[in-house]
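Here is the file upload-v1.tsv (TSV, C-alpha atoms).
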chain	number	residue	atom	x	y	z
A	1	MET	CA	-6.60	26.40	14.31
A	2	ALA	CA	-7.12	30.18	14.20
A	3	ILE	CA	-3.42	30.76	14.94
A	4	LEU	CA	-2.43	28.38	12.13
A	5	ALA	CA	-4.75	30.07	9.63
A	6	ALA	CA	-3.58	33.55	10.64
A	7	ALA	CA	0.07	32.55	10.36
A	8	PHE	CA	-0.54	31.03	6.96
A	9	LEU	CA	-2.28	34.13	5.62
A	10	ALA	CA	0.24	36.52	7.12
A	11	ALA	CA	3.27	34.60	5.87
A	12	CYS	CA	1.99	34.10	2.36
A	13	SER	CA	-0.35	36.78	1.15
A	14	LYS	CA	0.88	35.87	-2.32
A	15	THR	CA	0.71	32.11	-1.92
A	16	PRO	CA	1.45	30.22	-5.15
A	17	SER	CA	-1.51	28.29	-6.51
A	18	TYR	CA	0.24	24.92	-6.05
A	19	VAL	CA	0.54	25.35	-2.27
A	20	ILE	CA	-2.04	23.34	-0.35
A	21	ALA	CA	-3.48	24.63	2.92
A	22	PRO	CA	-1.74	23.74	6.21
A	23	ASP	CA	-4.49	21.37	7.36
A	24	GLU	CA	-4.26	19.35	4.14
A	25	MET	CA	-0.45	19.49	4.24
A	26	ALA	CA	-0.51	18.04	7.76
A	27	LEU	CA	-2.79	15.20	6.60
A	28	LEU	CA	-0.50	14.54	3.64
A	29	MET	CA	2.60	14.43	5.85
A	30	ALA	CA	0.82	12.14	8.33
A	31	ASP	CA	-0.09	9.75	5.50
A	32	ILE	CA	3.49	9.83	4.20
A	33	HIS	CA	4.85	8.98	7.66
A	34	THR	CA	2.25	6.23	8.07
A	35	GLY	CA	3.19	4.76	4.69
A	36	GLU	CA	6.89	4.81	5.62
A	37	ALA	CA	6.08	3.02	8.88
A	38	VAL	CA	4.15	0.36	6.97
A	39	ALA	CA	7.08	-0.10	4.56
A	40	ASP	CA	9.62	-0.29	7.39
A	41	ASN	CA	7.68	-2.73	9.56
A	42	SER	CA	5.86	-5.00	7.14
A	43	GLY	CA	8.87	-6.40	5.26
A	44	SER	CA	6.82	-6.23	2.06
A	45	PHE	CA	8.51	-3.16	0.59
A	46	ARG	CA	12.20	-3.99	0.64
A	47	SER	CA	12.92	-2.63	-2.82
A	48	ASP	CA	13.17	1.10	-3.41
A	49	SER	CA	10.85	0.80	-6.42
A	50	LEU	CA	8.00	-0.70	-4.38
A	51	ARG	CA	8.51	1.83	-1.58
A	52	GLN	CA	8.36	4.58	-4.18
A	53	MET	CA	5.19	3.03	-5.63
A	54	LEU	CA	3.60	3.14	-2.16
A	55	LYS	CA	4.58	6.80	-1.78
A	56	GLN	CA	3.20	7.59	-5.22
A	57	SER	CA	-0.15	6.02	-4.30
A	58	ILE	CA	-0.32	8.19	-1.16
A	59	LEU	CA	0.47	11.35	-3.12
A	60	ALA	CA	-2.12	10.40	-5.76
A	61	ARG	CA	-4.82	10.11	-3.10
A	62	HIS	CA	-4.12	13.75	-2.22
A	63	GLY	CA	-3.94	14.83	-5.87
A	64	VAL	CA	-0.25	15.75	-5.56
A	65	SER	CA	2.54	14.78	-7.94
A	66	SER	CA	6.09	13.96	-6.81
A	67	GLU	CA	7.35	17.20	-8.31
A	68	THR	CA	4.68	19.25	-6.55
A	69	PHE	CA	5.39	17.48	-3.26
A	70	ASP	CA	9.08	18.40	-3.47
A	71	THR	CA	8.10	21.99	-4.26
A	72	LEU	CA	5.69	22.04	-1.31
A	73	LEU	CA	8.45	20.93	1.05
A	74	TYR	CA	10.70	23.66	-0.31
A	75	TRP	CA	7.99	26.33	0.03
A	76	TYR	CA	7.01	25.35	3.56
A	77	GLY	CA	10.71	25.15	4.48
A	78	ARG	CA	11.02	28.83	3.56
A	79	HIS	CA	8.05	29.71	5.81
A	80	VAL	CA	9.32	28.21	9.06
A	81	ASP	CA	6.58	29.50	11.37
A	82	VAL	CA	3.85	27.92	9.27
A	83	TYR	CA	5.90	24.76	8.78
A	84	MET	CA	6.32	24.34	12.55
A	85	GLU	CA	2.55	24.61	12.98
A	86	VAL	CA	2.06	22.00	10.26
A	87	ASN	CA	4.63	19.75	11.91
A	88	GLU	CA	2.86	19.96	15.28
A	89	LYS	CA	-0.48	19.17	13.67
A	90	THR	CA	1.08	16.21	11.83
A	91	ILE	CA	2.34	14.82	15.13
A	92	ASP	CA	-1.14	15.23	16.65
A	93	ILE	CA	-2.72	13.34	13.73
A	94	LEU	CA	-0.23	10.48	14.05
A	95	GLN	CA	-0.73	10.30	17.80
A	96	ASN	CA	-4.51	10.20	17.38
A	97	ARG	CA	-4.16	7.38	14.85
A	98	LEU	CA	-2.01	5.38	17.25
A	99	THR	CA	-4.51	5.94	20.04
A	100	GLU	CA	-7.37	4.75	17.83
A	101	ALA	CA	-5.34	1.74	16.73
A	102	GLU	CA	-4.76	0.76	20.36
A	103	LYS	CA	-8.48	1.15	21.12
A	104	ILE	CA	-9.63	-1.15	18.34
A	105	GLY	CA	-6.64	-3.49	18.58
A	106	ALA	CA	-5.58	-2.65	15.05
A	107	THR	CA	-2.58	-4.93	14.69
A	108	GLU	CA	-1.75	-6.66	11.46
A	109	ALA	CA	-2.12	-10.44	11.61
A	110	ASN	CA	0.87	-12.52	10.56
A	111	VAL	CA	0.30	-14.48	7.37
A	112	ARG	CA	1.19	-18.17	7.57
A	113	LEU	CA	1.63	-20.43	4.58
A	114	ILE	CA	-0.82	-23.32	4.59
A	115	TYR	CA	0.92	-26.27	2.93
A	116	THR	CA	-0.95	-28.80	0.82
A	117	ASP	CA	0.08	-31.34	-1.80
A	118	SER	CA	-2.87	-30.62	-4.10
A	119	ASP	CA	-2.63	-28.60	-7.28
A	120	SER	CA	-4.46	-25.70	-5.65
A	121	ALA	CA	-4.13	-24.35	-2.13
A	122	VAL	CA	-5.48	-21.33	-0.30
A	123	VAL	CA	-2.43	-19.73	1.31
A	124	TRP	CA	-4.23	-16.85	3.03
A	125	SER	CA	-4.72	-17.09	6.79
A	126	SER	CA	-5.26	-13.44	7.65
A	127	PRO	CA	-8.80	-12.14	8.26
A	128	SER	CA	-10.91	-12.49	5.13
A	129	MET	CA	-12.49	-9.07	5.68
A	130	ILE	CA	-10.91	-5.63	6.14
A	131	ARG	CA	-12.73	-2.52	7.28
A	132	PHE	CA	-11.49	0.88	6.13
A	133	SER	CA	-12.94	4.07	7.59
A	134	ALA	CA	-12.18	7.74	8.10
A	135	ARG	CA	-10.96	6.75	11.57
A	136	SER	CA	-8.64	3.99	10.36
A	137	PRO	CA	-5.00	4.39	11.47
A	138	MET	CA	-3.86	3.58	7.93
A	139	TYR	CA	-5.31	2.94	4.49
A	140	THR	CA	-2.99	0.13	3.40
A	141	SER	CA	-3.15	-3.53	4.42
A	142	THR	CA	-0.15	-5.71	3.54
A	143	PHE	CA	0.61	-9.43	3.39
A	144	ASN	CA	3.81	-11.41	3.13
A	145	LEU	CA	4.61	-15.09	2.37
A	146	ARG	CA	8.07	-16.62	2.55
A	147	SER	CA	9.34	-19.65	0.66
A	148	ASP	CA	8.04	-23.01	1.90
A	149	ARG	CA	8.46	-26.64	0.82
A	150	GLY	CA	5.09	-26.40	-0.93
A	151	TRP	CA	6.40	-23.84	-3.43
A	152	GLU	CA	7.21	-24.78	-7.00
A	153	ARG	CA	8.58	-22.82	-9.93
A	154	GLY	CA	5.92	-21.46	-12.24
A	155	ASP	CA	3.17	-21.34	-9.61
A	156	ALA	CA	0.37	-18.79	-10.04
A	157	TYR	CA	-0.98	-16.73	-7.14
A	158	THR	CA	-4.46	-15.24	-7.47
A	159	LEU	CA	-5.58	-12.55	-5.05
A	160	SER	CA	-9.37	-12.43	-4.75
A	161	LEU	CA	-11.58	-9.92	-2.96
A	162	ARG	CA	-15.15	-8.69	-2.94
A	163	PRO	CA	-15.86	-4.97	-2.33
A	164	VAL	CA	-18.93	-4.45	-0.13
A	165	LYS	CA	-20.78	-1.26	-0.99
A	166	PRO	CA	-17.51	0.44	-1.94
A	167	VAL	CA	-17.28	4.22	-1.79
A	168	ALA	CA	-13.75	4.43	-3.17
A	169	PRO	CA	-11.48	2.49	-5.56
A	170	ILE	CA	-9.25	-0.28	-4.21
A	171	SER	CA	-5.64	-0.51	-5.40
A	172	ALA	CA	-4.03	-3.96	-5.28
A	173	VAL	CA	-0.48	-5.17	-5.88
A	174	VAL	CA	0.99	-8.70	-5.73
A	175	ALA	CA	4.77	-9.11	-6.04
A	176	VAL	CA	7.41	-11.83	-6.01
A	177	SER	CA	11.11	-11.56	-5.19
A	178	TYR	CA	13.51	-14.09	-6.71
A	179	ASP	CA	16.83	-15.42	-5.44
A	180	ASP	CA	18.68	-13.55	-8.20
A	181	GLY	CA	17.62	-10.21	-6.70
A	182	SER	CA	14.87	-9.44	-9.20
A	183	VAL	CA	11.25	-8.56	-8.48
A	184	GLU	CA	8.10	-8.91	-10.57
A	185	TYR	CA	4.72	-7.52	-9.68
A	186	VAL	CA	1.21	-6.97	-11.03
A	187	ASP	CA	-1.02	-4.15	-9.92
A	188	THR	CA	-4.46	-2.83	-10.69
A	189	THR	CA	-7.17	-0.56	-9.33
A	190	PHE	CA	-10.67	-1.91	-8.87
A	191	PRO	CA	-13.11	0.99	-9.44
A	192	SER	CA	-15.53	2.19	-6.77
A	193	ASP	CA	-18.44	0.73	-8.75
A	194	ALA	CA	-16.88	-2.74	-8.97
A	195	GLU	CA	-19.34	-5.54	-8.26
A	196	GLY	CA	-18.81	-9.17	-7.42
A	197	LEU	CA	-15.53	-11.02	-6.95
A	198	GLN	CA	-12.42	-9.17	-8.20
A	199	GLN	CA	-9.15	-10.95	-8.96
A	200	LEU	CA	-5.50	-10.25	-9.72
A	201	THR	CA	-3.06	-13.01	-10.70
A	202	LEU	CA	0.73	-13.12	-10.47
A	203	TYR	CA	2.54	-15.81	-12.48
A	204	LEU	CA	5.95	-16.93	-11.23
A	205	ASP	CA	8.80	-17.41	-13.66
A	206	SER	CA	9.42	-21.15	-14.00
A	207	THR	CA	13.12	-20.53	-14.68
A	208	ARG	CA	13.82	-18.78	-11.36
A	209	VAL	CA	13.47	-19.59	-7.67
A	210	ALA	CA	10.93	-17.46	-5.79
A	211	ARG	CA	11.78	-16.44	-2.23
A	212	GLN	CA	8.86	-14.26	-1.19
A	213	ILE	CA	5.32	-13.34	-2.24
A	214	TYR	CA	3.93	-10.09	-0.89
A	215	GLY	CA	1.50	-7.33	-1.67
A	216	ALA	CA	-0.94	-4.74	-0.42
A	217	LEU	CA	-4.48	-3.40	-0.64
A	218	THR	CA	-4.88	0.37	-0.50
A	219	VAL	CA	-7.88	2.69	-0.49
A	220	PRO	CA	-7.94	6.50	-0.65
A	221	ARG	CA	-8.33	8.47	2.55
A	222	LEU	CA	-12.03	8.42	3.40
A	223	GLU	CA	-13.59	11.70	4.48
A	224	SER	CA	-16.42	9.94	6.31
A	225	GLY	CA	-18.15	6.61	6.70
A	226	ALA	CA	-16.57	3.20	6.12
A	227	MET	CA	-16.17	0.53	3.47
A	228	TYR	CA	-15.44	-3.19	3.62
A	229	VAL	CA	-13.40	-5.59	1.55
A	230	ASP	CA	-14.68	-9.13	1.99
A	231	SER	CA	-13.88	-12.65	0.75
A	232	ILE	CA	-10.14	-11.93	0.63
A	233	SER	CA	-8.00	-14.94	-0.27
A	234	LEU	CA	-4.79	-15.89	-2.03
A	235	LEU	CA	-4.95	-19.06	-4.13
A	236	ARG	CA	-1.83	-20.87	-5.28
A	237	THR	CA	-2.25	-22.91	-8.46
A	238	ARG	CA	0.16	-25.26	-10.21
A	239	THR	CA	0.48	-24.08	-13.81
A	240	ARG	CA	2.79	-26.95	-14.92
A	241	SER	CA	3.50	-25.06	-18.12
A	242	ARG	CA	5.58	-22.02	-18.93
A	243	ALA	CA	2.97	-21.24	-21.59
A	244	LEU	CA	0.80	-20.00	-18.73
A	245	TYR	CA	3.54	-17.68	-17.48
A	246	ASN	CA	2.10	-14.31	-18.39
A	247	GLY	CA	5.29	-12.32	-17.76
A	248	ALA	CA	4.52	-9.85	-20.52
A	249	SER	CA	1.80	-8.26	-18.39
A	250	GLN	CA	3.97	-8.05	-15.27
A	251	HIS	CA	6.39	-5.36	-14.18
A	252	ARG	CA	10.02	-6.33	-13.62
A	253	VAL	CA	12.56	-4.69	-11.34
A	254	SER	CA	16.20	-5.69	-10.84
A	255	LEU	CA	17.64	-5.05	-7.39
A	256	ARG	CA	21.19	-6.08	-8.23

I need this file expressed as C-alpha cells, please.
Amino acid sequence: MAILAAAFLAACSKTPSYVIAPDEMALLMADIHTGEAVADNSGSFRSDSLRQMLKQSILARHGVSSETFDTLLYWYGRHVDVYMEVNEKTIDILQNRLTEAEKIGATEANVRLIYTDSDSAVVWSSPSMIRFSARSPMYTSTFNLRSDRGWERGDAYTLSLRPVKPVAPISAVVAVSYDDGSVEYVDTTFPSDAEGLQQLTLYLDSTRVARQIYGALTVPRLESGAMYVDSISLLRTRTRSRALYNGASQHRVSLR
C-alpha cells in the first residue's frame, strides 16, 4: 500500500482533480470486470444497450461519468507504473471475491418457469430473499425466463420485492426481447427509505411474440454491514386487453 501511494504521489504531483486515487480506481475496475462477467454469463444482457446500462449503473455507484471513466483510463495509461499497481490490486480484489463466493456457495440459481393455466401465475423459483453486503462478490442479481407454452401476447409481468432495513437504494430492471429483434424494458430505483412491498410492471406488446423475460436487481457497493431484499417474486398476469399495454412508459430498443 505504501509503495502504491508513493508511486502515485511521485508520478503525479500535479494530479488533475478528476483523477481518483489508485485504491478507488482498483475497486472501480474490479466492479467493471465483475459486471462484464455477469453480462457474459447470465444471458440477460445480450443487447449492447442493456450491457451499457449495467456499466452506467456501476459507474454511477462510484460517482463517475462515462466521459470521466474514459479520461481516467487515458490518464492512468500515461502513468504506467501506477497503472500496473492498480492492475495488480484489481486482480487481488477479484480473486478475493471469488474466494468469498466459493466459501459461501454464492452461485446464481437457475430460474424455471412454473406453468399454470390460471390468469395469474408466480413464475419466480429463485430464492425469495437476497443478501447484499460489503463482502458480497457482486452487487447485481439477475434472472432470466425463456418462452414457454404458458406465455401469451400482452401478458404483464410484475416484479415485487420488500427491502428489509435498507441502507442503500435498489435499482431494478425488467426487460423483454421479441422475435423481431426488439427489446422493451422498464426500470426504476427504489430509495433507501422505501417501506413495504415495492413493485415494477412490464407490459408485453400484444402485437409481437415475446421470446425472453429478464432483468436484474442492483445495489451500490456497501462500505460495511449488509442489507436484505425479501419477498421477491415475479407475477405473470393475463391482461386480455391492449388497453392495459402501457408501452408509453417503457423504453424500446431495436437490435436489428

Item to check | Non-local contacts of Val186 in chain A (8 Å; all atoms listed in the file; under 4 positions in same chain excluded) as a VMD selection string | outcome: chain A and resid 173 to 175 200 to 202 249 to 251

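Nearest residue to Val164 in chain A among A:Ile32, A:Leu54, A:Leu197, A:Val123 is A:Leu197, counting all atoms listed in the file.
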
Checklist entry - Which of these residues is nearest to Met29 in chain A, using all atoms listed in the file: A:Arg135, A:Arg78, A:Arg221, A:Lys89? => result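 Using all atoms listed in the file, the shortest distance to Met29 in chain A belongs to A:Lys89.
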
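Using only C-alpha atoms for every distance, the candidate list A:Tyr83, A:Trp124, A:Tyr18, A:Phe69 yields A:Trp124 as the residue closest to Leu161 in chain A.
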
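The space between CA of Phe132 in chain A and CA of Ile58 in chain A spans 15.2 Å.
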
Checklist entry - Near Gly196 in chain A, within 12 Å and counting only C-alpha atoms, which residues show up once chain neighbours fewer than 5 positions away are dropped, as a VMD selection string? => result chain A and resid 160 to 166 190 to 191 229 to 231

Keeping only C-alpha atoms, take the residues you just selected and write them out as an mmCIF file, in the coordinates of the input.
data_model
loop_
_atom_site.group_PDB
_atom_site.id
_atom_site.type_symbol
_atom_site.label_atom_id
_atom_site.label_comp_id
_atom_site.auth_asym_id
_atom_site.auth_seq_id
_atom_site.Cartn_x
_atom_site.Cartn_y
_atom_site.Cartn_z
ATOM 1 C CA SER A 160 -9.370 -12.430 -4.750
ATOM 2 C CA LEU A 161 -11.580 -9.920 -2.960
ATOM 3 C CA ARG A 162 -15.150 -8.690 -2.940
ATOM 4 C CA PRO A 163 -15.860 -4.970 -2.330
ATOM 5 C CA VAL A 164 -18.930 -4.450 -0.130
ATOM 6 C CA LYS A 165 -20.780 -1.260 -0.990
ATOM 7 C CA PRO A 166 -17.510 0.440 -1.940
ATOM 8 C CA PHE A 190 -10.670 -1.910 -8.870
ATOM 9 C CA PRO A 191 -13.110 0.990 -9.440
ATOM 10 C CA VAL A 229 -13.400 -5.590 1.550
ATOM 11 C CA ASP A 230 -14.680 -9.130 1.990
ATOM 12 C CA SER A 231 -13.880 -12.650 0.750
#

Next on the checklist: Between A:Gly181, A:Pro220, A:Gly154, A:Gly215, which residue has the minimum interatomic distance to Thr239 in chain A, considering all atoms listed in the file?
Outcome noted: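 Counting all atoms listed in the file, the residue closest to Thr239 in chain A is A:Gly154.
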
Next on the checklist: If I take CA of Ser206 in chain A and CA of Trp151 in chain A, how far is one from the other in Å, to one decimal?
Outcome noted: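 For CA of Ser206 in chain A relative to CA of Trp151 in chain A, the distance reads 11.3 Å.
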
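One finds CA of Ser233 in chain A at 8.5 Å from CA of Ser126 in chain A.
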
Item to check | Nearest to Asn144 in chain A, chosen from A:Thr90, A:Ser177, A:Thr218, A:Ser120, with all atoms listed in the file counted in the distances | outcome: A:Ser177

Checklist entry - A:His79, A:Arg51, A:Arg153, A:Arg146: which is nearest Arg208 in chain A, counting all atoms listed in the file? => result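 Checking each candidate against Arg208 in chain A, we get A:Arg153 as the closest.
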
Could you please fill out range 192-225 of chain A with N, CA and C atoms and send it back as a compact mmCIF listing (two decimals), in the coordinates of the input?
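Written file, result16.txt:
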# COMPACT_ATOMS: atom_id res chain seq x y z
N SER A 192 -14.59 2.10 -7.90
CA SER A 192 -15.53 2.19 -6.77
C SER A 192 -16.90 1.57 -7.11
N ASP A 193 -17.17 1.36 -8.38
CA ASP A 193 -18.44 0.73 -8.75
C ASP A 193 -18.27 -0.75 -9.08
N ALA A 194 -17.12 -1.33 -8.71
CA ALA A 194 -16.88 -2.74 -8.97
C ALA A 194 -17.88 -3.60 -8.21
N GLU A 195 -18.38 -4.63 -8.87
CA GLU A 195 -19.34 -5.54 -8.26
C GLU A 195 -18.85 -6.97 -8.37
N GLY A 196 -19.18 -7.77 -7.38
CA GLY A 196 -18.81 -9.17 -7.42
C GLY A 196 -17.35 -9.40 -7.06
N LEU A 197 -16.88 -10.62 -7.29
CA LEU A 197 -15.53 -11.02 -6.95
C LEU A 197 -14.52 -10.41 -7.92
N GLN A 198 -13.48 -9.77 -7.39
CA GLN A 198 -12.42 -9.17 -8.20
C GLN A 198 -11.14 -9.97 -7.99
N GLN A 199 -10.34 -10.12 -9.06
CA GLN A 199 -9.15 -10.95 -8.96
C GLN A 199 -7.95 -10.32 -9.66
N LEU A 200 -6.77 -10.68 -9.15
CA LEU A 200 -5.50 -10.25 -9.72
C LEU A 200 -4.53 -11.41 -9.59
N THR A 201 -3.92 -11.83 -10.72
CA THR A 201 -3.06 -13.01 -10.70
C THR A 201 -1.62 -12.68 -11.04
N LEU A 202 -0.72 -13.22 -10.24
CA LEU A 202 0.73 -13.12 -10.47
C LEU A 202 1.25 -14.49 -10.87
N TYR A 203 1.96 -14.56 -12.01
CA TYR A 203 2.54 -15.81 -12.48
C TYR A 203 4.03 -15.81 -12.20
N LEU A 204 4.52 -16.84 -11.53
CA LEU A 204 5.95 -16.93 -11.23
C LEU A 204 6.71 -17.44 -12.45
N ASP A 205 7.92 -16.98 -12.58
CA ASP A 205 8.80 -17.41 -13.66
C ASP A 205 9.29 -18.83 -13.34
N SER A 206 9.03 -19.76 -14.24
CA SER A 206 9.42 -21.15 -14.00
C SER A 206 10.91 -21.39 -14.11
N THR A 207 11.67 -20.38 -14.54
CA THR A 207 13.12 -20.53 -14.68
C THR A 207 13.88 -19.96 -13.49
N ARG A 208 13.16 -19.37 -12.53
CA ARG A 208 13.82 -18.78 -11.36
C ARG A 208 13.18 -19.27 -10.06
N VAL A 209 13.93 -19.13 -8.98
CA VAL A 209 13.47 -19.59 -7.67
C VAL A 209 12.88 -18.41 -6.90
N ALA A 210 11.60 -18.52 -6.55
CA ALA A 210 10.93 -17.46 -5.79
C ALA A 210 11.24 -17.59 -4.31
N ARG A 211 11.46 -16.45 -3.66
CA ARG A 211 11.78 -16.44 -2.23
C ARG A 211 10.65 -15.85 -1.39
N GLN A 212 9.85 -14.97 -1.98
CA GLN A 212 8.86 -14.26 -1.19
C GLN A 212 7.73 -13.76 -2.08
N ILE A 213 6.50 -13.91 -1.60
CA ILE A 213 5.32 -13.34 -2.24
C ILE A 213 4.75 -12.31 -1.29
N TYR A 214 4.47 -11.12 -1.77
CA TYR A 214 3.93 -10.09 -0.89
C TYR A 214 3.07 -9.12 -1.69
N GLY A 215 2.36 -8.27 -0.98
CA GLY A 215 1.50 -7.33 -1.67
C GLY A 215 0.75 -6.44 -0.70
N ALA A 216 -0.20 -5.69 -1.25
CA ALA A 216 -0.94 -4.74 -0.42
C ALA A 216 -2.26 -4.37 -1.07
N LEU A 217 -3.21 -3.99 -0.22
CA LEU A 217 -4.48 -3.40 -0.64
C LEU A 217 -4.52 -1.99 -0.08
N THR A 218 -4.88 -1.03 -0.92
CA THR A 218 -4.88 0.37 -0.50
C THR A 218 -6.15 1.06 -0.97
N VAL A 219 -6.73 1.87 -0.11
CA VAL A 219 -7.88 2.69 -0.49
C VAL A 219 -7.53 4.15 -0.23
N PRO A 220 -8.18 5.08 -0.90
CA PRO A 220 -7.94 6.50 -0.65
C PRO A 220 -8.39 6.86 0.77
N ARG A 221 -7.90 7.98 1.25
CA ARG A 221 -8.33 8.47 2.55
C ARG A 221 -9.81 8.81 2.48
N LEU A 222 -10.58 8.21 3.38
CA LEU A 222 -12.03 8.42 3.40
C LEU A 222 -12.36 9.63 4.26
N GLU A 223 -13.19 10.52 3.73
CA GLU A 223 -13.59 11.70 4.48
C GLU A 223 -14.60 11.36 5.57
N SER A 224 -15.42 10.35 5.33
CA SER A 224 -16.42 9.94 6.31
C SER A 224 -16.87 8.52 5.99
N GLY A 225 -17.61 7.92 6.94
CA GLY A 225 -18.15 6.61 6.70
C GLY A 225 -17.10 5.51 6.71
